[in-house]
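Heads up: the structure comes next, in structure tokens.
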Amino acid sequence: MTITTVLFDMDSTLNSIDEIEFSHKYFKMLHERFFSEFELQYFYDSLTEITKKVMFSKSPRELAVKTFMKEMSKSYKKPQKKLYEDFKDFYATDYNQLEEFVRPAEGSQEAVQTCFDKGYTVVIATTPVFTEAAIMKRLMWSGMGEFTFKLVTHAENMHFSKPREEYYTEILKKIKKKPFECIMVGNELVGDVVSPYRLGLKTFYVPLRPDNEDLFISPELKRFSKIKPTYKGKLPDFTKLAKNDFQC
Ligand SMILES: [Mg+2]
């Protein structure tokens, strides 16, 4: 097996993040600062809907950030440029308060360091619905600030998002790699395992709850039950495998 490239998911893979508390506070702060004329619940629901639209967008010539601002502009009747400026300011200031919900995952630094030591190309394949500034901050909070990655995906450099397969095609094109030489490491079955699997990438599945994950698989995920990751385990298991050149 000739692995040359490792793609890491960020949230709940390289970091330990309280996603519920994080998004609750994120929405609340955004609402208070820029969107208080709307009801909080409306804002929450509509922004969630917009985020989904960005994730499933099929526009190969429109950057995710553009889709995001366009959809927001439609929903909240504000100019795209103003929205972009507001978000930019928000990520430079209030966003810092979210650091308390993010910390490095156990074994994440060693996993990434091992990949660099082995000479692999290392990519951060995180859902690109945030701007570069926001993702770089979260990456730093995840203890990854010292690494220089080949590519970190974000809303300003990607046209497609997870869970779409085109997201991975776009990454491979950017880094000039073939699917069979890449492995994707992540905690989500659809976005991190099913889509890369279909393109021929190897996968290392790091479920949040390895012992009783079936209890948490929703009925809609059952249709993927035949798709098995190449490997499954915790980050220290990944590190061992990488040290061994992915020979079991
Ligand atoms: Mg994740």
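By order in the structure tokens, chains are A, B, ...; within a chain, residues start at 1; ligands start at 1, following the order shown.
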Write out as a list in words each polymer residue (protein, DNA or RNA) that has an atom no more than 10 Å from ligand 1, with only C-alpha atoms and all ligand atoms counted.
Phe8, Asp9, Met10, Asp11, Ser12, Thr13, Leu14, Asn15, Ser16, Ile17, Glu19, Ala125, Thr126, Thr127, Val185, Gly186, Asn187, Glu188, Leu189, Gly191, Asp192, Val206, Pro207 and Leu208 of chain A
Which residues of stretch 124-174 of chain A come within 9 Å of stretch 70-88 of chain A, and what is each one's closest atom pair and distance in Å (one decimal), counting only C-alpha atoms, sorted by chain and residue number, as a tab-separated table?
```
residue	atom	partner	partner_atom	distance
A:Thr131	CA	A:Lys88	CA	8.2
A:Ala133	CA	A:Lys88	CA	7.8
A:Ala134	CA	A:Lys88	CA	8.6
```
Limited to N, CA and C atoms, could you put the picked residues into a file as an mmCIF file, in the first residue's frame?
```cif
data_model
loop_
_atom_site.group_PDB
_atom_site.id
_atom_site.type_symbol
_atom_site.label_atom_id
_atom_site.label_comp_id
_atom_site.auth_asym_id
_atom_site.auth_seq_id
_atom_site.Cartn_x
_atom_site.Cartn_y
_atom_site.Cartn_z
ATOM 1 N N THR A 131 -14.966 30.964 7.265
ATOM 2 C CA THR A 131 -13.889 31.637 6.537
ATOM 3 C C THR A 131 -12.531 31.156 7.063
ATOM 4 N N ALA A 133 -10.093 32.755 8.467
ATOM 5 C CA ALA A 133 -9.721 33.268 9.791
ATOM 6 C C ALA A 133 -10.352 32.428 10.898
ATOM 7 N N ALA A 134 -11.623 32.059 10.731
ATOM 8 C CA ALA A 134 -12.324 31.287 11.762
ATOM 9 C C ALA A 134 -11.749 29.879 11.873
#
```
Among the residues of stretch 2-243 of chain A, find those DSSP assigns to strand (DSSP E) from the backbone and print them as a PyMOL selection string.
chain A and resi 5-8+15-17+102-104+121-124+151-152+182-186+202-205+231-232
Requested write-out: N, CA and C atoms of the selected residues, as a PDB file, in the first residue's frame:
```
ATOM      1  N   THR A   5      -0.403  10.526   1.503  1.00  0.00           N
ATOM      2  CA  THR A   5      -1.145  11.715   1.928  1.00  0.00           C
ATOM      3  C   THR A   5      -2.189  11.389   2.990  1.00  0.00           C
ATOM      4  N   VAL A   6      -2.202  12.210   4.034  1.00  0.00           N
ATOM      5  CA  VAL A   6      -3.193  11.998   5.094  1.00  0.00           C
ATOM      6  C   VAL A   6      -4.080  13.233   5.207  1.00  0.00           C
ATOM      7  N   LEU A   7      -5.377  13.015   5.154  1.00  0.00           N
ATOM      8  CA  LEU A   7      -6.357  14.093   5.321  1.00  0.00           C
ATOM      9  C   LEU A   7      -6.993  13.919   6.696  1.00  0.00           C
ATOM     10  N   PHE A   8      -6.960  14.976   7.484  1.00  0.00           N
ATOM     11  CA  PHE A   8      -7.575  14.915   8.808  1.00  0.00           C
ATOM     12  C   PHE A   8      -8.809  15.805   8.864  1.00  0.00           C
ATOM     13  N   ASN A  15      -9.741  17.661  17.532  1.00  0.00           N
ATOM     14  CA  ASN A  15     -10.057  18.378  18.769  1.00  0.00           C
ATOM     15  C   ASN A  15     -11.224  17.707  19.475  1.00  0.00           C
ATOM     16  N   SER A  16     -11.385  18.130  20.701  1.00  0.00           N
ATOM     17  CA  SER A  16     -12.531  17.691  21.454  1.00  0.00           C
ATOM     18  C   SER A  16     -13.359  18.959  21.608  1.00  0.00           C
ATOM     19  N   ILE A  17     -14.523  18.950  21.020  1.00  0.00           N
ATOM     20  CA  ILE A  17     -15.305  20.183  20.983  1.00  0.00           C
ATOM     21  C   ILE A  17     -16.710  19.903  21.494  1.00  0.00           C
ATOM     22  N   VAL A 102     -13.262  24.340  22.976  1.00  0.00           N
ATOM     23  CA  VAL A 102     -12.409  23.532  22.092  1.00  0.00           C
ATOM     24  C   VAL A 102     -11.097  23.197  22.782  1.00  0.00           C
ATOM     25  N   ARG A 103     -10.680  21.952  22.723  1.00  0.00           N
ATOM     26  CA  ARG A 103      -9.340  21.613  23.208  1.00  0.00           C
ATOM     27  C   ARG A 103      -8.781  20.468  22.374  1.00  0.00           C
ATOM     28  N   PRO A 104      -7.457  20.306  22.386  1.00  0.00           N
ATOM     29  CA  PRO A 104      -6.871  19.243  21.564  1.00  0.00           C
ATOM     30  C   PRO A 104      -7.408  17.874  21.974  1.00  0.00           C
ATOM     31  N   THR A 121       2.184  14.024   2.972  1.00  0.00           N
ATOM     32  CA  THR A 121       1.514  15.295   2.742  1.00  0.00           C
ATOM     33  C   THR A 121       0.322  15.327   3.694  1.00  0.00           C
ATOM     34  N   VAL A 122       0.171  16.424   4.443  1.00  0.00           N
ATOM     35  CA  VAL A 122      -0.889  16.450   5.453  1.00  0.00           C
ATOM     36  C   VAL A 122      -1.877  17.601   5.178  1.00  0.00           C
ATOM     37  N   VAL A 123      -3.144  17.238   5.141  1.00  0.00           N
ATOM     38  CA  VAL A 123      -4.205  18.187   4.803  1.00  0.00           C
ATOM     39  C   VAL A 123      -5.230  18.231   5.932  1.00  0.00           C
ATOM     40  N   ILE A 124      -5.745  19.412   6.212  1.00  0.00           N
ATOM     41  CA  ILE A 124      -6.878  19.523   7.134  1.00  0.00           C
ATOM     42  C   ILE A 124      -8.148  19.617   6.290  1.00  0.00           C
ATOM     43  N   LEU A 151      -2.634  21.943   2.903  1.00  0.00           N
ATOM     44  CA  LEU A 151      -3.902  22.617   2.588  1.00  0.00           C
ATOM     45  C   LEU A 151      -4.824  22.545   3.793  1.00  0.00           C
ATOM     46  N   VAL A 152      -5.480  23.646   4.074  1.00  0.00           N
ATOM     47  CA  VAL A 152      -6.552  23.660   5.078  1.00  0.00           C
ATOM     48  C   VAL A 152      -7.786  24.138   4.324  1.00  0.00           C
ATOM     49  N   CYS A 182      -4.234   8.252  -0.771  1.00  0.00           N
ATOM     50  CA  CYS A 182      -4.695   9.110   0.338  1.00  0.00           C
ATOM     51  C   CYS A 182      -5.509   8.330   1.360  1.00  0.00           C
ATOM     52  N   ILE A 183      -5.423   8.794   2.590  1.00  0.00           N
ATOM     53  CA  ILE A 183      -6.287   8.241   3.638  1.00  0.00           C
ATOM     54  C   ILE A 183      -6.962   9.394   4.365  1.00  0.00           C
ATOM     55  N   MET A 184      -8.255   9.264   4.588  1.00  0.00           N
ATOM     56  CA  MET A 184      -9.018  10.287   5.297  1.00  0.00           C
ATOM     57  C   MET A 184      -9.305   9.806   6.707  1.00  0.00           C
ATOM     58  N   VAL A 185      -9.009  10.656   7.683  1.00  0.00           N
ATOM     59  CA  VAL A 185      -9.204  10.311   9.095  1.00  0.00           C
ATOM     60  C   VAL A 185     -10.301  11.197   9.660  1.00  0.00           C
ATOM     61  N   GLY A 186     -11.387  10.610  10.155  1.00  0.00           N
ATOM     62  CA  GLY A 186     -12.448  11.468  10.669  1.00  0.00           C
ATOM     63  C   GLY A 186     -13.498  10.729  11.474  1.00  0.00           C
ATOM     64  N   LYS A 202      -8.612   5.602   1.064  1.00  0.00           N
ATOM     65  CA  LYS A 202      -8.690   4.763   2.252  1.00  0.00           C
ATOM     66  C   LYS A 202      -9.277   5.637   3.367  1.00  0.00           C
ATOM     67  N   THR A 203      -9.815   4.979   4.381  1.00  0.00           N
ATOM     68  CA  THR A 203     -10.411   5.758   5.469  1.00  0.00           C
ATOM     69  C   THR A 203     -10.024   5.186   6.829  1.00  0.00           C
ATOM     70  N   PHE A 204      -9.865   6.089   7.768  1.00  0.00           N
ATOM     71  CA  PHE A 204      -9.664   5.691   9.166  1.00  0.00           C
ATOM     72  C   PHE A 204     -10.766   6.369   9.954  1.00  0.00           C
ATOM     73  N   TYR A 205     -11.674   5.560  10.456  1.00  0.00           N
ATOM     74  CA  TYR A 205     -12.857   6.074  11.156  1.00  0.00           C
ATOM     75  C   TYR A 205     -12.565   6.149  12.649  1.00  0.00           C
ATOM     76  N   TYR A 231      -9.964   1.290   8.135  1.00  0.00           N
ATOM     77  CA  TYR A 231      -9.510   1.089   9.514  1.00  0.00           C
ATOM     78  C   TYR A 231     -10.470   1.814  10.448  1.00  0.00           C
ATOM     79  N   LYS A 232     -10.441   1.392  11.694  1.00  0.00           N
ATOM     80  CA  LYS A 232     -11.276   2.060  12.694  1.00  0.00           C
ATOM     81  C   LYS A 232     -10.557   1.994  14.034  1.00  0.00           C
TER      82      LYS A 232
END
```
May I have the residues within 12 Å of A:Ala64 as a ChimeraX atom specification, using only C-alpha atoms and disregarding those fewer than 5 positions away in the same chain?
/A:50-59,69-71,127-132,153-162,167
Export, as a compact mmCIF listing (two decimals), in the first residue's frame, the selected residues with C-alpha atoms.
```txt
# COMPACT_ATOMS: atom_id res chain seq x y z
CA ILE A 50 -28.29 28.40 4.89
CA THR A 51 -25.36 26.39 6.24
CA LYS A 52 -26.94 23.21 4.83
CA LYS A 53 -27.39 24.92 1.46
CA VAL A 54 -23.69 25.78 1.44
CA MET A 55 -22.72 22.22 2.40
CA PHE A 56 -24.80 20.69 -0.39
CA SER A 57 -24.12 23.36 -3.02
CA LYS A 58 -23.23 22.06 -6.46
CA SER A 59 -21.85 25.23 -7.99
CA MET A 69 -23.12 35.50 1.72
CA LYS A 70 -25.57 35.33 -1.18
CA GLU A 71 -27.99 33.17 0.78
CA THR A 127 -16.17 21.31 6.52
CA PRO A 128 -15.52 24.57 4.66
CA VAL A 129 -18.46 26.63 5.84
CA PHE A 130 -16.33 29.07 7.84
CA THR A 131 -13.89 31.64 6.54
CA GLU A 132 -10.15 31.08 6.70
CA THR A 153 -10.00 23.77 3.51
CA HIS A 154 -12.23 26.74 4.26
CA ALA A 155 -15.04 28.74 2.68
CA GLU A 156 -12.66 31.00 0.78
CA ASN A 157 -10.73 28.28 -1.05
CA MET A 158 -13.38 25.61 -1.64
CA HIS A 159 -16.37 25.41 -3.97
CA PHE A 160 -17.67 22.11 -2.58
CA SER A 161 -18.16 20.96 0.99
CA LYS A 162 -18.40 17.76 2.93
CA TYR A 167 -15.27 18.07 -1.93
```
I need the helix (DSSP H, G or I) residues of stretch 117-211 of chain A per DSSP on the backbone, written as an MDAnalysis selection string.
chainID A and resid 117 132:141 165:175 179:181 189:199
Can you spit out the residues from that selection as a compact mmCIF listing (two decimals), in the first residue's frame, using C-alpha atoms?
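Final output, saved to again09.txt:
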```txt
# COMPACT_ATOMS: atom_id res chain seq x y z
CA ASP A 117 7.90 12.83 10.46
CA GLU A 132 -10.15 31.08 6.70
CA ALA A 133 -9.72 33.27 9.79
CA ALA A 134 -12.32 31.29 11.76
CA ILE A 135 -10.93 27.90 10.77
CA MET A 136 -7.31 28.87 11.47
CA LYS A 137 -8.34 30.01 14.93
CA ARG A 138 -10.14 26.78 15.71
CA LEU A 139 -7.14 24.86 14.40
CA MET A 140 -4.92 26.78 16.81
CA TRP A 141 -7.28 26.06 19.71
CA GLU A 165 -17.85 13.59 -2.91
CA GLU A 166 -16.87 16.58 -5.06
CA TYR A 167 -15.27 18.07 -1.93
CA TYR A 168 -12.66 15.33 -1.98
CA THR A 169 -12.24 15.55 -5.76
CA GLU A 170 -11.53 19.26 -5.33
CA ILE A 171 -8.93 18.60 -2.61
CA LEU A 172 -7.16 15.92 -4.67
CA LYS A 173 -7.02 18.25 -7.65
CA LYS A 174 -5.54 21.03 -5.52
CA ILE A 175 -2.82 18.83 -4.02
CA PRO A 179 -7.37 8.71 -4.43
CA PHE A 180 -5.53 5.44 -3.77
CA GLU A 181 -2.55 7.22 -2.20
CA LEU A 189 -19.62 8.24 8.86
CA VAL A 190 -21.05 10.03 5.83
CA GLY A 191 -18.69 12.97 5.36
CA ASP A 192 -15.46 11.34 6.46
CA VAL A 193 -15.96 7.70 5.46
CA VAL A 194 -18.69 7.17 2.84
CA SER A 195 -17.75 9.99 0.43
CA PRO A 196 -13.99 9.36 0.38
CA TYR A 197 -14.63 5.58 0.20
CA ARG A 198 -16.71 6.05 -2.94
CA LEU A 199 -13.85 7.90 -4.60
```
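Here the question is which of A:His31, A:Lys177, A:Arg223, A:Lys240 gets nearest to A:Thr2 using only C-alpha atoms, and that residue is A:Lys177.
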Have a look at A:Gln97, A:Ser108, A:Thr148, A:Ser142 and name the one nearest to A:Phe238; count only C-alpha atoms.
A:Ser108
Looking at A:Tyr44, A:Phe116, A:Phe22, A:Phe27, which one is nearest to A:Phe101, with distances taken over only C-alpha atoms?
A:Phe22
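Proximity ranking of A:Pro163, A:Tyr26, A:Glu110, A:Lys222 relative to A:Pro236 places A:Glu110 first, based on only C-alpha atoms.
Here atom CA of A:Ile3 is placed at a distance of 12.3 Å from atom CA of A:Gly200.
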